[in-house]
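Asker: mmCIF, C-alpha atoms, file run-v1.cif:
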```cif
data_data
#
loop_
_atom_site.label_atom_id
_atom_site.label_comp_id
_atom_site.auth_asym_id
_atom_site.auth_seq_id
_atom_site.Cartn_x
_atom_site.Cartn_y
_atom_site.Cartn_z
CA MET A 9 116.65 113.42 103.11
CA LYS A 10 113.61 115.46 102.13
CA THR A 11 111.92 114.44 98.89
CA TYR A 12 110.75 117.26 96.65
CA ALA A 13 108.08 117.19 93.98
CA ALA A 14 108.23 119.04 90.68
CA ALA A 15 105.90 119.42 87.73
CA CYS A 16 107.70 119.39 84.37
CA VAL A 17 106.00 120.99 81.37
CA THR A 18 107.83 119.76 78.28
CA ALA A 19 107.10 117.91 75.06
CA ALA A 20 110.77 117.16 74.35
CA ALA A 21 111.97 113.66 75.16
CA GLY A 22 115.55 114.90 75.61
CA THR A 23 114.49 117.45 78.22
CA GLY A 24 112.48 114.85 80.10
CA ALA A 25 115.41 112.43 80.16
CA PHE A 26 117.74 115.16 81.42
CA LEU A 27 115.35 116.12 84.22
CA GLU A 28 114.92 112.53 85.35
CA SER A 29 118.69 112.14 85.53
CA ALA A 30 119.58 115.52 87.09
CA LEU A 31 116.73 115.42 89.60
CA GLU A 32 117.07 111.83 90.72
CA GLY A 33 115.15 111.42 93.98
CA PHE A 34 112.58 114.09 93.08
CA ARG A 35 108.98 113.10 92.45
CA LEU A 36 108.50 114.33 88.88
CA LYS A 37 105.22 114.63 87.01
CA PHE A 38 105.32 115.42 83.31
CA TYR A 39 102.88 117.40 81.16
CA ALA A 40 103.25 117.53 77.37
CA SER A 41 101.55 120.89 76.92
CA ALA A 42 100.64 124.08 78.75
CA GLY A 43 96.96 123.23 78.38
CA ALA A 44 97.36 119.85 80.08
CA PHE A 45 99.35 121.43 82.88
CA LEU A 46 96.82 124.24 83.46
CA LYS A 47 94.07 121.64 83.94
CA SER A 48 96.00 120.22 86.91
CA SER A 49 96.31 121.76 90.36
CA PRO A 50 99.85 123.21 90.15
CA ARG A 51 101.82 123.46 93.39
CA GLY A 52 105.42 124.03 94.41
CA LEU A 53 108.19 123.82 91.82
CA ILE A 54 107.35 124.00 88.11
CA ILE A 55 109.96 123.42 85.40
CA ILE A 56 108.81 124.79 82.04
CA ASP A 57 110.30 124.26 78.58
CA ALA A 58 110.37 127.47 76.54
CA ALA A 59 109.15 125.57 73.44
CA LEU A 60 105.70 124.03 73.99
CA PRO A 61 103.23 122.85 71.33
CA ASP A 62 100.39 125.18 72.34
CA MET A 63 102.07 128.31 73.77
CA SER A 64 105.54 129.56 74.65
CA GLY A 65 107.03 128.78 78.04
CA ARG A 66 107.44 132.50 78.73
CA ASP A 67 103.74 133.07 78.07
CA LEU A 68 102.89 130.24 80.45
CA VAL A 69 105.09 131.85 83.12
CA ALA A 70 103.27 135.16 82.59
CA VAL A 71 99.88 133.42 82.89
CA LEU A 72 100.88 131.73 86.15
CA ARG A 73 102.31 134.93 87.64
CA GLY A 74 99.18 136.84 86.68
CA ASP A 75 96.83 134.49 88.51
CA LYS A 76 96.51 135.03 92.26
CA LYS A 77 96.23 131.27 92.83
CA THR A 78 99.51 130.47 91.09
CA ALA A 79 101.52 133.69 91.54
CA GLY A 80 103.60 132.18 94.35
CA LEU A 81 104.80 129.09 92.46
CA LEU A 82 108.52 128.52 91.89
CA LEU A 83 108.92 128.78 88.13
CA VAL A 84 112.05 127.59 86.34
CA LEU A 85 112.28 128.13 82.58
CA THR A 86 114.57 126.16 80.28
CA GLY A 87 115.32 127.35 76.74
CA ALA A 88 117.25 126.04 73.78
CA GLY A 89 120.99 126.76 74.02
CA PRO A 90 123.41 128.40 73.70
CA TYR A 91 122.97 130.66 76.71
CA SER A 92 121.83 134.19 75.87
CA PRO A 93 121.86 137.00 78.48
CA ALA A 94 118.99 138.66 76.59
CA ALA A 95 116.86 135.49 76.72
CA ALA A 96 117.66 135.06 80.41
CA ALA A 97 116.77 138.67 81.21
CA LEU A 98 113.48 138.46 79.30
CA SER A 99 112.55 135.23 81.06
CA LEU A 100 113.28 136.67 84.50
CA GLU A 101 111.43 139.89 83.74
CA ASN A 102 108.40 137.83 82.68
CA GLY A 103 108.38 136.23 86.13
CA ALA A 104 110.64 133.16 86.03
CA ASP A 105 112.61 132.48 89.21
CA GLU A 106 115.46 130.88 87.26
CA TYR A 107 116.43 130.46 83.62
CA PHE A 108 118.71 127.81 82.11
CA ALA A 109 119.83 127.27 78.54
CA PHE A 110 119.38 123.60 77.65
CA PRO A 111 121.15 121.46 78.47
CA PRO A 112 122.55 123.06 81.64
CA ASP A 113 125.23 121.55 83.81
CA ALA A 114 123.31 118.88 85.72
CA ARG A 115 125.06 119.46 89.04
CA LEU A 116 124.59 123.25 88.91
CA PHE A 117 120.97 122.83 87.80
CA ARG A 118 120.17 120.56 90.73
CA ALA A 119 122.04 122.76 93.24
CA ARG A 120 120.25 125.94 92.18
CA LEU A 121 116.84 124.26 92.31
CA LEU A 122 117.55 122.92 95.78
CA ASN A 123 118.63 126.42 96.82
CA LEU A 124 115.36 127.87 95.52
CA LEU A 125 113.35 125.23 97.35
CA ALA A 126 115.26 125.76 100.59
CA ARG A 127 114.67 129.52 100.50
CA ARG A 128 111.03 129.50 99.48
CA GLY A 129 109.97 126.10 100.69
CA PRO A 130 107.10 124.74 98.59
CA GLY A 131 104.61 123.15 100.92
CA ALA A 132 105.61 125.43 103.74
CA ARG A 133 102.75 126.48 105.91
CA ALA A 134 101.04 129.53 104.52
CA ALA A 135 100.40 132.55 106.66
CA GLU A 136 96.82 132.81 107.87
CA LYS A 137 96.64 136.34 106.50
CA PRO A 138 98.92 137.56 103.70
CA ALA A 139 101.30 140.30 104.80
CA GLU A 140 100.70 143.66 103.18
CA TYR A 141 102.76 146.83 103.15
CA SER A 142 100.94 150.16 103.18
CA ILE A 143 102.57 153.50 102.39
CA GLY A 144 99.75 155.97 102.18
CA ALA A 145 97.72 155.02 99.12
CA LEU A 146 100.41 152.58 97.97
CA LYS A 147 99.64 148.95 98.89
CA ILE A 148 102.01 146.05 98.24
CA SER A 149 101.04 142.40 98.73
CA PRO A 150 104.03 140.00 98.72
CA GLU A 151 101.69 137.00 98.72
CA ALA A 152 99.77 138.05 95.62
CA ARG A 153 102.79 139.90 94.18
CA THR A 154 100.69 142.97 93.45
CA ALA A 155 101.11 146.70 94.01
CA SER A 156 98.43 149.36 93.73
CA VAL A 157 97.92 153.07 94.35
CA GLY A 158 94.36 153.53 95.48
CA ALA A 159 92.24 151.48 93.07
CA ALA A 160 94.84 151.59 90.28
CA ARG A 161 97.15 148.62 89.76
CA VAL A 162 100.86 149.42 89.47
CA ARG A 163 102.20 147.16 86.74
CA LEU A 164 105.67 145.92 87.66
CA THR A 165 107.89 143.31 86.08
CA ALA A 166 108.88 140.40 88.30
CA LEU A 167 112.32 141.92 88.83
CA GLU A 168 110.90 145.35 89.67
CA PHE A 169 108.53 143.80 92.20
CA ASP A 170 111.41 141.86 93.80
CA LEU A 171 113.42 145.09 94.04
CA LEU A 172 110.52 146.92 95.68
CA LEU A 173 109.99 144.07 98.13
CA TYR A 174 113.69 143.99 99.02
CA PHE A 175 113.63 147.72 99.75
CA LEU A 176 110.51 147.33 101.89
CA LYS A 177 112.18 144.60 103.94
CA ASN A 178 115.30 146.75 104.37
CA GLN A 179 113.78 150.17 105.06
CA GLY A 180 116.27 152.70 106.35
CA ARG A 181 119.32 150.66 105.31
CA VAL A 182 121.78 151.72 102.63
CA VAL A 183 121.88 148.92 100.06
CA SER A 184 124.75 148.74 97.58
CA ARG A 185 124.34 147.85 93.94
CA THR A 186 126.44 144.74 94.53
CA VAL A 187 124.08 143.54 97.26
CA LEU A 188 121.08 144.11 94.99
CA LEU A 189 122.74 142.09 92.24
CA GLU A 190 123.48 139.26 94.67
CA ARG A 191 120.15 139.23 96.52
CA VAL A 192 117.61 140.28 93.88
CA TRP A 193 119.05 139.50 90.45
CA ARG A 194 118.90 135.76 89.92
CA GLN A 195 121.49 136.09 87.20
CA GLY A 196 123.62 138.57 89.13
CA LEU A 197 126.86 137.66 87.40
CA GLU A 198 125.33 138.51 84.03
CA ALA A 199 124.42 142.08 85.02
CA GLY A 200 126.32 145.09 86.31
CA PRO A 201 125.81 148.27 88.35
CA ARG A 202 124.37 150.14 85.37
CA ALA A 203 121.64 147.50 85.05
CA VAL A 204 120.68 148.22 88.68
CA ASP A 205 120.50 151.97 88.04
CA LYS A 206 118.30 151.51 84.97
CA ARG A 207 115.93 149.17 86.77
CA ILE A 208 115.67 151.49 89.78
CA GLU A 209 114.93 154.38 87.43
CA ALA A 210 112.11 152.36 85.84
CA LEU A 211 110.74 151.34 89.25
CA ARG A 212 110.69 154.95 90.45
CA SER A 213 108.82 155.97 87.33
CA ARG A 214 106.19 153.26 87.76
CA LEU A 215 105.64 154.20 91.41
CA GLY A 216 104.94 157.84 90.57
CA LYS A 217 105.27 160.15 93.58
CA PHE A 218 106.16 157.16 95.76
CA GLY A 219 109.28 156.60 93.65
CA SER A 220 110.98 159.40 95.58
CA LYS A 221 111.09 157.07 98.60
CA ILE A 222 113.96 155.26 96.88
CA ARG A 223 116.86 157.65 97.33
CA THR A 224 120.30 157.50 95.77
CA VAL A 225 123.28 157.33 98.11
CA PHE A 226 126.08 158.73 95.97
CA GLY A 227 128.91 156.30 95.30
CA ILE A 228 127.25 153.44 97.23
CA GLY A 229 123.74 152.52 96.19
CA TYR A 230 120.23 153.26 97.44
CA ILE A 231 118.13 153.64 100.56
CA PHE A 232 114.37 153.31 100.98
CA LYS A 233 113.02 155.88 103.44
CA LEU A 234 109.44 156.56 104.42
#
```
Mind turning the file's structure into structure tokens?

Answerer:
Amino acid sequence: MKTYAAACVTAAAGTGAFLESALEGFRLKFYASAGAFLKSSPRGLIIIDAALPDMSGRDLVAVLRGDKKTAGLLLVLTGAGPYSPAAAALSLENGADEYFAFPPDARLFRARLLNLLARRGPGARAAEKPAEYSIGALKISPEARTASVGAARVRLTALEFDLLLYFLKNQGRVVSRTVLLERVWRQGLEAGPRAVDKRIEALRSRLGKFGSKIRTVFGIGYIFKL
């Protein structure tokens, strides 16, 4: 069985004990603060407590997503329970790959982390040259998770970027709202079709004239056409 490594950024003894139990077999390394973690060389899967002594976990996620060197890390945020859809949505929009209210169900927590690792494979061989999509002046880099029009950066939330990337990978295909919830929303069961429409509307607005490439297919969903 493959052994995975994970960095855990938490100052709470209870969180550390839970992680050691739920992720038995993982190679875990613990950091008591964001500052201590940022001095390391972060790789792969990072589990971040929302409450840290020197900065919030969400802010740490935003810092990591904003740095080209760490933008591709798998970031899992854990927050104090009970579960709140608003807290989950904010965490995901700030760039987290998963959000869990603490303490989560240990079996579900482990299964979802293994699913993330299987899909995105930390330690997988990196491409020699990052792939880049070009649509006229619009440039999208999946590796750096950036989008720009000419020299101007297009500022997208993590969810908006994932939506754009999904459309780019499925050009010319009609994609239903249900599929978008299942494939792009990491908390798909907590959202509905209206949430998709609102996020698409925001994405179109941020893309300016390129937003018209995302077309509505009445009664079904959307299609991205060049």

Asker: List the neighbours of stretch 51-63 of chain A out to 10 Å using only C-alpha atoms; skip same-chain residues closer than 4 positions along the sequence, and give me the result as an MDAnalysis selection string.

Answerer: chainID A and resid 12:20 23:24 27 36:45 67:69 77:78 80:88 99 104 106:110 121 124:125 128:132

Asker: Would you kindly identify which residues have an atom no farther than 12 Å from (115.4, 146.4, 103.5), using all atoms listed in the file and the file's own coordinates, and write them out as a PyMOL selection string?

Answerer: chain A and resi 170-184+187-188+191-192+222+230-234

Asker: Which residue, A:Thr165, A:Asn123, A:Ser149, A:Asn102, has the smallest gap to A:Ala70 when you use all atoms listed in the file?

Answerer: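 With all atoms listed in the file as the atom set, the closest residue is A:Asn102.
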
Asker: Please compute the atom CA of A:Lys47-atom CA of A:Arg35 distance, one decimal, in Å.

Answerer: 19.2 Å

Asker: Between atom CA of A:Arg161 and atom CA of A:Lys221, what is the spacing in Å?

Answerer: 18.5 Å

Asker: For atom CA of A:Gly200 and atom CA of A:Thr154, determine how far apart the two atoms are, in Å to one decimal place.

Answerer: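 Interatomic distance, atom CA of A:Gly200 to atom CA of A:Thr154: 26.7 Å.
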
Asker: Any chance you could work out the residue set of the PyMOL selection byres ((chain A and resi 164) around 12) here, as a ChimeraX atom specification?

Answerer: /A:73-74,101-103,148,153-156,161-163,165-173,207-208,210-215

Asker: Name the closest residue to A:Val157 among the candidates A:Arg66, A:Lys76, A:Lys217, A:Arg115; distances are taken between atoms, counting only C-alpha atoms.

Answerer: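 Of the candidates, the smallest distance to A:Val157 is held by A:Lys217.
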
Asker: Hey, which of A:Gly227, A:Pro50, A:Pro201, A:Gly219 ends up closest to A:Ile143? Count all atoms listed in the file.

Answerer: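 Among the listed residues, A:Gly219 lies closest to A:Ile143.
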